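Q: Next comes the structure file coords16.cif, holding mmCIF, C-alpha atoms and all ligand atoms.
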data_structure
#
loop_
_atom_site.label_atom_id
_atom_site.label_comp_id
_atom_site.auth_asym_id
_atom_site.auth_seq_id
_atom_site.Cartn_x
_atom_site.Cartn_y
_atom_site.Cartn_z
CA MET A 788 -7.08 -34.55 -8.90
CA ARG A 789 -6.57 -38.29 -9.39
CA PHE A 790 -2.85 -38.92 -9.38
CA PRO A 791 -2.45 -42.55 -10.57
CA GLY A 792 -1.59 -42.50 -14.27
CA ALA A 793 -1.78 -38.68 -14.51
CA HIS A 794 0.58 -36.51 -16.54
CA ILE A 795 1.99 -33.60 -14.53
CA LEU A 796 2.29 -30.83 -17.13
CA SER A 797 1.28 -27.60 -15.42
CA VAL A 798 0.65 -26.35 -11.90
CA THR A 799 -2.79 -25.23 -13.10
CA GLN A 800 -3.83 -28.89 -12.75
CA PHE A 801 -3.63 -28.63 -8.97
CA GLU A 802 -6.04 -27.55 -6.28
CA ARG A 803 -4.60 -26.58 -2.92
CA ALA A 804 -5.57 -30.02 -1.52
CA ASP A 805 -3.48 -31.72 -4.24
CA VAL A 806 -0.45 -29.64 -3.32
CA GLU A 807 -0.91 -30.53 0.35
CA ARG A 808 -1.19 -34.22 -0.58
CA ILE A 809 2.10 -34.05 -2.53
CA PHE A 810 3.76 -32.38 0.47
CA GLU A 811 2.41 -35.04 2.83
CA VAL A 812 3.86 -37.82 0.64
CA ALA A 813 7.14 -35.86 0.33
CA ASP A 814 7.39 -35.75 4.13
CA ASN A 815 7.08 -39.55 4.22
CA MET A 816 10.00 -39.86 1.80
CA ARG A 817 12.42 -38.25 4.23
CA PRO A 818 13.99 -41.45 5.71
CA TYR A 819 14.51 -42.85 2.20
CA ALA A 820 15.92 -39.68 0.70
CA HIS A 821 18.15 -39.22 3.74
CA ARG A 822 19.61 -42.75 3.44
CA GLU A 823 18.24 -43.88 6.78
CA ARG A 824 16.12 -46.57 5.16
CA MET A 825 15.76 -48.02 1.67
CA THR A 826 12.77 -49.27 -0.30
CA LYS A 827 12.44 -51.31 -3.50
CA VAL A 828 8.85 -50.34 -4.17
CA LEU A 829 9.61 -49.51 -7.84
CA ASP A 830 11.82 -52.57 -8.38
CA GLY A 831 11.64 -53.39 -12.11
CA ALA A 832 10.12 -50.05 -13.15
CA ILE A 833 11.86 -47.98 -15.85
CA MET A 834 11.90 -44.19 -16.03
CA GLY A 835 12.79 -42.45 -19.30
CA ASN A 836 14.65 -39.25 -18.39
CA MET A 837 14.55 -37.19 -21.60
CA PHE A 838 16.33 -33.86 -21.41
CA PHE A 839 16.55 -31.80 -24.60
CA GLU A 840 17.80 -28.66 -22.82
CA PRO A 841 20.72 -28.21 -20.40
CA SER A 842 20.07 -29.38 -16.84
CA THR A 843 22.02 -30.59 -13.83
CA ARG A 844 19.78 -30.51 -10.75
CA THR A 845 16.45 -31.36 -12.31
CA ARG A 846 17.75 -34.24 -14.41
CA VAL A 847 19.90 -35.78 -11.69
CA SER A 848 17.41 -35.30 -8.88
CA PHE A 849 14.57 -36.85 -10.89
CA GLY A 850 16.89 -39.80 -11.65
CA CYS A 851 18.05 -40.04 -8.05
CA ALA A 852 14.45 -39.89 -6.78
CA PHE A 853 13.47 -42.79 -9.04
CA ASN A 854 16.52 -44.83 -7.99
CA LEU A 855 15.77 -44.20 -4.32
CA LEU A 856 12.38 -45.87 -4.88
CA GLY A 857 14.16 -48.87 -6.42
CA GLY A 858 13.56 -48.10 -10.14
CA GLU A 859 15.92 -47.95 -13.13
CA VAL A 860 16.62 -44.80 -15.15
CA ARG A 861 17.35 -44.51 -18.90
CA GLU A 862 18.67 -41.16 -20.04
CA THR A 863 18.28 -39.39 -23.39
CA THR A 864 20.08 -36.09 -23.18
CA ASP A 865 21.20 -34.86 -26.56
CA ILE A 866 18.57 -33.61 -28.99
CA LYS A 867 21.11 -34.00 -31.82
CA ALA A 868 21.45 -37.70 -31.02
CA SER A 869 17.68 -38.28 -31.13
CA SER A 870 15.43 -38.85 -34.15
CA LEU A 871 13.77 -35.47 -33.52
CA THR A 872 16.54 -34.06 -35.72
CA LYS A 873 15.43 -36.39 -38.55
CA GLY A 874 12.06 -34.66 -38.57
CA GLU A 875 10.27 -37.05 -36.26
CA SER A 876 7.29 -35.46 -34.50
CA LEU A 877 7.04 -35.21 -30.73
CA TYR A 878 3.89 -37.30 -31.09
CA ASP A 879 5.73 -40.24 -32.68
CA THR A 880 8.61 -39.97 -30.22
CA GLY A 881 6.12 -39.96 -27.33
CA ARG A 882 4.24 -42.99 -28.66
CA VAL A 883 7.46 -44.96 -29.11
CA MET A 884 9.24 -43.98 -25.89
CA SER A 885 6.19 -44.80 -23.79
CA GLY A 886 6.57 -48.41 -24.92
CA TYR A 887 10.02 -48.52 -23.35
CA SER A 888 9.29 -46.90 -19.97
CA ASP A 889 6.77 -46.90 -17.12
CA ILE A 890 7.02 -43.14 -16.68
CA ILE A 891 8.76 -40.35 -18.60
CA VAL A 892 10.31 -37.11 -17.38
CA MET A 893 10.87 -34.61 -20.16
CA ARG A 894 12.46 -31.21 -20.69
CA HIS A 895 12.30 -29.45 -24.05
CA PRO A 896 13.00 -25.88 -25.21
CA GLN A 897 9.56 -25.22 -26.72
CA ALA A 898 6.53 -24.09 -24.69
CA GLY A 899 3.80 -26.73 -24.96
CA SER A 900 6.15 -29.43 -26.29
CA VAL A 901 5.90 -31.70 -23.26
CA ALA A 902 2.09 -31.59 -23.42
CA GLU A 903 2.25 -32.51 -27.12
CA PHE A 904 4.56 -35.43 -26.32
CA ALA A 905 2.25 -36.51 -23.46
CA ARG A 906 -0.76 -36.69 -25.79
CA ALA A 907 0.86 -39.65 -27.51
CA SER A 908 2.33 -41.27 -24.42
CA ARG A 909 0.75 -44.34 -22.87
CA VAL A 910 2.53 -43.72 -19.55
CA PRO A 911 2.59 -40.67 -17.22
CA VAL A 912 4.75 -37.77 -18.42
CA LEU A 913 6.19 -35.25 -15.96
CA ASN A 914 7.11 -31.83 -17.34
CA ALA A 915 10.65 -30.96 -16.26
CA GLY A 916 10.53 -27.58 -18.04
CA ASP A 917 9.06 -26.63 -21.41
CA GLY A 918 10.87 -23.53 -22.63
CA PRO A 919 9.72 -20.35 -20.88
CA ASN A 920 6.36 -21.87 -20.01
CA GLU A 921 6.31 -24.01 -16.86
CA HIS A 922 8.44 -26.00 -14.43
CA PRO A 923 5.91 -27.66 -12.12
CA SER A 924 8.25 -29.84 -10.03
CA GLN A 925 10.50 -26.84 -9.34
CA ALA A 926 7.51 -24.80 -8.16
CA LEU A 927 6.41 -27.66 -5.90
CA LEU A 928 9.86 -27.99 -4.33
CA ASP A 929 10.09 -24.23 -3.97
CA LEU A 930 6.73 -24.04 -2.23
CA TYR A 931 7.56 -27.06 -0.06
CA THR A 932 10.75 -25.24 1.00
CA ILE A 933 8.84 -22.00 1.63
CA LYS A 934 6.37 -23.88 3.82
CA LYS A 935 9.18 -25.45 5.90
CA GLU A 936 11.16 -22.23 6.21
CA LEU A 937 8.10 -20.25 7.28
CA LYS A 938 6.99 -22.96 9.69
CA SER A 939 10.31 -22.69 11.52
CA ARG A 940 9.45 -18.99 11.95
CA GLN A 941 5.86 -19.78 13.08
CA GLN A 942 4.48 -18.39 9.81
CA THR A 943 2.36 -19.80 7.00
CA ILE A 944 2.13 -19.44 3.23
CA ASP A 945 -1.23 -17.74 3.71
CA GLY A 946 -0.50 -14.09 4.39
CA MET A 947 3.20 -14.21 3.43
CA HIS A 948 5.09 -11.51 1.53
CA ILE A 949 7.25 -12.74 -1.34
CA ALA A 950 9.48 -10.79 -3.71
CA MET A 951 10.43 -12.31 -7.06
CA ILE A 952 13.41 -10.68 -8.72
CA GLY A 953 15.03 -10.77 -12.17
CA ASP A 954 13.88 -12.12 -15.50
CA LEU A 955 10.23 -12.71 -14.70
CA LYS A 956 9.27 -12.75 -18.38
CA HIS A 957 11.31 -15.78 -19.47
CA GLY A 958 11.76 -17.57 -16.13
CA ARG A 959 9.50 -20.61 -16.07
CA THR A 960 10.14 -21.22 -12.36
CA VAL A 961 8.55 -17.92 -11.36
CA HIS A 962 5.64 -18.53 -13.73
CA SER A 963 4.85 -21.86 -12.09
CA LEU A 964 5.62 -20.71 -8.55
CA SER A 965 3.38 -17.65 -8.67
CA LYS A 966 0.45 -19.70 -10.01
CA LEU A 967 0.98 -22.26 -7.25
CA VAL A 968 1.25 -19.66 -4.48
CA GLY A 969 -1.90 -18.14 -5.98
CA LEU A 970 -3.83 -21.14 -4.60
CA TYR A 971 -3.19 -19.81 -1.08
CA GLU A 972 -4.74 -16.78 0.65
CA LYS A 973 -3.83 -13.11 0.97
CA VAL A 974 -0.25 -13.20 -0.29
CA LYS A 975 1.62 -10.02 -1.16
CA PHE A 976 3.76 -10.38 -4.30
CA THR A 977 6.44 -7.79 -5.08
CA LEU A 978 7.63 -8.39 -8.63
CA ILE A 979 10.99 -6.71 -9.24
CA SER A 980 12.21 -6.72 -12.84
CA PRO A 981 13.12 -4.40 -15.69
CA ALA A 982 9.78 -3.35 -17.28
CA GLU A 983 10.70 -5.28 -20.45
CA LEU A 984 11.16 -8.47 -18.42
CA ALA A 985 7.98 -8.22 -16.33
CA MET A 986 5.83 -11.16 -15.29
CA PRO A 987 3.25 -12.00 -18.01
CA ALA A 988 0.17 -9.80 -17.53
CA ASP A 989 -2.29 -12.73 -17.47
CA THR A 990 -0.46 -14.27 -14.50
CA VAL A 991 -0.51 -10.93 -12.62
CA ASP A 992 -4.21 -10.42 -13.40
CA ALA A 993 -5.08 -13.92 -12.20
CA LEU A 994 -3.29 -13.30 -8.89
CA ARG A 995 -5.16 -10.02 -8.37
CA GLN A 996 -8.46 -11.67 -9.23
CA ARG A 997 -7.85 -14.24 -6.51
CA GLY A 998 -7.48 -11.42 -3.98
CA HIS A 999 -3.69 -11.22 -3.74
CA GLU A 1000 -1.82 -7.92 -3.65
CA VAL A 1001 0.67 -7.52 -6.50
CA VAL A 1002 3.19 -4.67 -6.69
CA GLU A 1003 5.38 -4.40 -9.81
CA THR A 1004 8.52 -2.29 -9.57
CA GLU A 1005 11.97 -1.68 -11.05
CA ASP A 1006 13.25 -0.38 -7.72
CA MET A 1007 14.90 -3.33 -6.00
CA GLU A 1008 15.86 -1.51 -2.83
CA LYS A 1009 12.29 -0.39 -2.14
CA GLY A 1010 10.93 -3.76 -3.22
CA LEU A 1011 13.17 -5.70 -0.83
CA VAL A 1012 11.73 -4.15 2.31
CA SER A 1013 9.36 -6.26 4.45
CA ASN A 1014 9.39 -9.61 2.66
CA ASP A 1015 9.35 -13.04 4.24
CA ILE A 1016 10.86 -14.59 1.09
CA VAL A 1017 13.05 -13.16 -1.67
CA TYR A 1018 13.28 -15.38 -4.74
CA LEU A 1019 16.02 -14.41 -7.19
CA THR A 1020 16.35 -15.58 -10.78
CA ARG A 1021 19.03 -15.33 -13.44
CA ILE A 1022 18.67 -13.60 -16.81
CA GLN A 1023 17.52 -16.44 -19.10
CA GLU A 1024 20.04 -15.66 -21.83
CA GLU A 1025 19.05 -18.66 -23.94
CA ARG A 1026 15.59 -17.11 -24.44
CA PHE A 1027 16.84 -13.75 -25.75
CA GLY A 1028 17.43 -12.94 -29.40
CA SER A 1029 21.15 -12.43 -28.75
CA LYS A 1030 23.76 -12.27 -26.01
CA THR A 1031 24.00 -8.50 -26.56
CA GLU A 1032 20.33 -8.14 -25.73
CA ALA A 1033 20.68 -10.27 -22.56
CA ASP A 1034 23.73 -8.19 -21.56
CA LEU A 1035 21.48 -5.13 -21.29
CA TYR A 1036 19.85 -6.66 -18.21
CA ARG A 1037 22.62 -8.79 -16.73
CA GLY A 1038 23.77 -7.59 -13.31
CA ARG A 1039 20.88 -5.12 -13.00
CA PHE A 1040 19.63 -6.68 -9.75
CA ARG A 1041 22.08 -8.20 -7.28
CA LEU A 1042 21.67 -9.36 -3.73
CA ASN A 1043 24.71 -9.47 -1.46
CA GLN A 1044 25.36 -9.29 2.27
CA ALA A 1045 25.49 -5.47 2.36
CA ILE A 1046 22.22 -5.01 0.45
CA TYR A 1047 20.53 -7.75 2.45
CA THR A 1048 21.54 -6.15 5.76
CA GLN A 1049 20.47 -2.71 4.64
CA TYR A 1050 17.08 -3.48 3.09
CA CYS A 1051 15.76 -6.94 4.06
CA GLN A 1052 14.20 -7.99 7.35
CA PRO A 1053 16.79 -9.82 9.47
CA ASN A 1054 15.49 -13.33 8.73
CA THR A 1055 14.11 -12.96 5.19
CA VAL A 1056 14.51 -16.32 3.44
CA ILE A 1057 16.74 -16.16 0.35
CA MET A 1058 15.83 -18.51 -2.50
CA HIS A 1059 16.96 -19.12 -6.09
CA PRO A 1060 16.00 -22.03 -8.39
CA LEU A 1061 19.66 -22.29 -9.46
CA PRO A 1062 21.90 -22.19 -11.37
CA ARG A 1063 22.86 -18.75 -10.08
CA ASP A 1064 24.96 -16.92 -12.61
CA SER A 1065 28.14 -16.31 -10.61
CA ARG A 1066 30.05 -14.60 -13.44
CA GLU A 1067 31.21 -11.16 -12.45
CA ASP A 1068 28.94 -9.26 -14.83
CA ALA A 1069 25.84 -11.06 -13.50
CA ASN A 1070 26.26 -12.36 -9.92
CA GLU A 1071 22.61 -11.92 -8.95
CA LEU A 1072 23.17 -13.78 -5.66
CA ASP A 1073 26.59 -13.18 -4.16
CA ASN A 1074 28.74 -15.88 -2.55
CA ASP A 1075 29.19 -13.62 0.48
CA LEU A 1076 25.73 -14.81 1.60
CA ASN A 1077 26.78 -18.49 1.45
CA GLN A 1078 27.00 -18.94 5.22
CA HIS A 1079 23.86 -16.95 5.96
CA PRO A 1080 21.36 -19.10 7.92
CA SER A 1081 18.47 -17.71 5.84
CA LEU A 1082 20.03 -18.82 2.55
CA ALA A 1083 17.74 -21.71 1.59
CA ILE A 1084 19.10 -22.54 -1.89
CA PHE A 1085 20.68 -25.84 -0.87
CA ARG A 1086 17.68 -26.80 1.23
CA GLN A 1087 15.66 -26.27 -1.99
CA THR A 1088 17.88 -28.72 -3.89
CA ASP A 1089 17.68 -31.33 -1.11
CA ASN A 1090 13.90 -30.93 -0.94
CA GLY A 1091 13.71 -31.48 -4.71
CA VAL A 1092 14.44 -35.17 -4.23
CA LEU A 1093 11.62 -35.58 -1.69
CA VAL A 1094 9.08 -33.82 -3.89
CA ARG A 1095 10.10 -35.73 -7.03
CA MET A 1096 9.91 -39.04 -5.14
CA ALA A 1097 6.40 -38.01 -4.09
CA LEU A 1098 5.40 -37.32 -7.71
CA PHE A 1099 6.59 -40.78 -8.77
CA ALA A 1100 4.91 -42.50 -5.82
CA LEU A 1101 1.60 -40.73 -6.50
CA THR A 1102 1.49 -41.12 -10.29
CA LEU A 1103 2.62 -44.77 -10.12
CA ASP A 1104 0.28 -45.37 -7.17
CA VAL A 1105 2.68 -46.94 -4.69
CA CYS A 1106 2.33 -44.58 -1.71
CA GLU A 1107 0.77 -47.24 0.48
CA GLN A 1108 3.35 -49.91 -0.42
CA ILE A 1109 6.59 -48.06 0.20
CA ASP A 1110 7.11 -49.23 3.76
CA LYS A 1111 6.47 -52.90 2.85
CA SER A 1112 9.90 -53.29 1.28
CA SER A 1113 11.54 -50.88 3.71
CA ARG A 1114 14.77 -51.80 5.46
CA GLU A 1115 17.83 -50.14 6.93
CA VAL A 1116 20.66 -49.25 4.59
CA ASN A 1117 23.77 -51.33 5.18
CA TRP A 1118 26.46 -49.00 3.94
CA TYR A 1119 28.16 -46.14 5.75
CA THR A 1120 26.04 -42.99 5.66
CA GLU A 1121 27.43 -39.98 7.37
CA ARG A 1122 24.74 -37.57 8.53
CA ARG A 1123 24.55 -35.10 5.70
CA PHE A 1124 21.01 -33.75 5.71
N1 LIG A 1201 16.95 -24.38 -13.47
C1 LIG A 1201 15.83 -23.51 -13.67
C2 LIG A 1201 15.10 -23.86 -14.95
O1 LIG A 1201 15.38 -24.88 -15.55
C3 LIG A 1201 16.17 -22.07 -13.58
C4 LIG A 1201 17.15 -21.53 -14.57
O2 LIG A 1201 17.59 -22.24 -15.48
O3 LIG A 1201 17.47 -20.34 -14.44
O4 LIG A 1201 14.23 -23.14 -15.37
#
Hey, can you dump this file as structure tokens for me?
A:
Amino acid sequence: MRFPGAHILSVTQFERADVERIFEVADNMRPYAHRERMTKVLDGAIMGNMFFEPSTRTRVSFGCAFNLLGGEVRETTDIKASSLTKGESLYDTGRVMSGYSDIIVMRHPQAGSVAEFARASRVPVLNAGDGPNEHPSQALLDLYTIKKELKSRQQTIDGMHIAMIGDLKHGRTVHSLSKLVGLYEKVKFTLISPAELAMPADTVDALRQRGHEVVETEDMEKGLVSNDIVYLTRIQEERFGSKTEADLYRGRFRLNQAIYTQYCQPNTVIMHPLPRDSREDANELDNDLNQHPSLAIFRQTDNGVLVRMALFALTLDVCEQIDKSSREVNWYTERRF
């Protein structure tokens, strides 16, 4: 695909070569994200960070990524404080906001809403999550992390075994991630969820059509055996009719040290898009795995900055100019990455 000026709305826009290009640019962002060097390549540029659904990581890491490239960030975070509550259409909001920014990042609770907004926008729009539909930047950072973790084990994405666990019906991260992994070869997917919360059938069919093996099961213990990656998700309570309905599934699948030791291969990578639901009745990923070397959840969050910097650099077409304004940082930076 041609990146300059493009909206990033769905992972279905990408070919494998596009994903590899994003990863290559993300690798080049490492010294900047790790505070070894700084760049002002986006000096003067404005990013509109519009979040109409709760978010910590995605909102802050998109903002941080833009700042690290030298740009300014303007936040709109409360749907009640925006004119959308006065009946304004997403189209009008998109047309107006694109006059105030050079690029827009948007999250909204309705599937398809970010695409609707983008149709009116005169600047690139990056989908930061549209309801249960898609979360492209999360899938990219997840796959980038998978690639790095497997590489350190002399393995590749092609041929890997991945288990996805939890609310696969409403979880947009697993929707985007499985489509993205689908671009690779000969992957085995084990999809572990209550039958009512299974991965959408069209996504499963598309994976099978591309030659991947897909096993769907409600038996977590059997499903955990022989995976390179286990990717847990929380019950997406906000997408159920009621809390009582979500409670039926909460805590159904949990990974902790004892279960990991009993069923997983010794170095299976543990991932989660976060937030993990650490309340006692849920606790899908236990704190007793926090010191485990294969727990990659905080490497995922660090990698998110690199990947989001890459998306800005590609869509605003500055990849070749980044090093021109590069210099050492002049404040104290303890090694933290
Ligand atoms: N943070 C992720 C998302 O926005 C996962 C989650 O909320 O469970 O979809």
Q: Quick one: everything within 12 Å of A:Thr843, counting all atoms listed in the file, minus sequence neighbours fewer than 2 positions away in the same chain. Send it as a CSV table (one decimal) with C-alpha atoms, keeping the file's coordinate frame.
A:
chain,number,residue,atom,x,y,z
A,838,PHE,CA,16.3,-33.9,-21.4
A,840,GLU,CA,17.8,-28.7,-22.8
A,841,PRO,CA,20.7,-28.2,-20.4
A,845,THR,CA,16.4,-31.4,-12.3
A,846,ARG,CA,17.8,-34.2,-14.4
A,847,VAL,CA,19.9,-35.8,-11.7
A,848,SER,CA,17.4,-35.3,-8.9
A,849,PHE,CA,14.6,-36.8,-10.9
A,850,GLY,CA,16.9,-39.8,-11.6
A,851,CYS,CA,18.0,-40.0,-8.0
A,864,THR,CA,20.1,-36.1,-23.2
A,894,ARG,CA,12.5,-31.2,-20.7
A,915,ALA,CA,10.6,-31.0,-16.3
A,1060,PRO,CA,16.0,-22.0,-8.4
A,1061,LEU,CA,19.7,-22.3,-9.5
A,1062,PRO,CA,21.9,-22.2,-11.4
A,1088,THR,CA,17.9,-28.7,-3.9
Q: One number please: atom CA of A:Ala982 to atom CA of A:Asp1064, in Å, one decimal.
A: 20.9 Å
Q: Between atom CA of A:Gly858 and atom CA of A:Leu967, measure the distance and give it in Å to one decimal.
A: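 Those two atoms sit 28.9 Å apart.
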Q: Take the point (13.1, -38.3, -12.3) as written in the file and pick out every residue within 12 Å of it, counting all atoms listed in the file; give the list as a PyMOL selection string.
A: chain A and resi 833-838+843-856+858-862+889-894+911-915+924+1091-1100
Q: What does the list of residues within 7 Å of ligand LIG 1201 (chain A) look like if you count all atoms listed in the file, written as a list of chain:residue names?
A: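 Using all atoms listed in the file, everything at most 7 Å from ligand LIG 1201 (chain A) comes to A:Ser842, A:Gly916, A:His922, A:Gly958, A:Arg959, A:Thr960, A:Thr1020, A:Arg1021, A:Gln1023, A:Pro1060, A:Leu1061, A:Pro1062.
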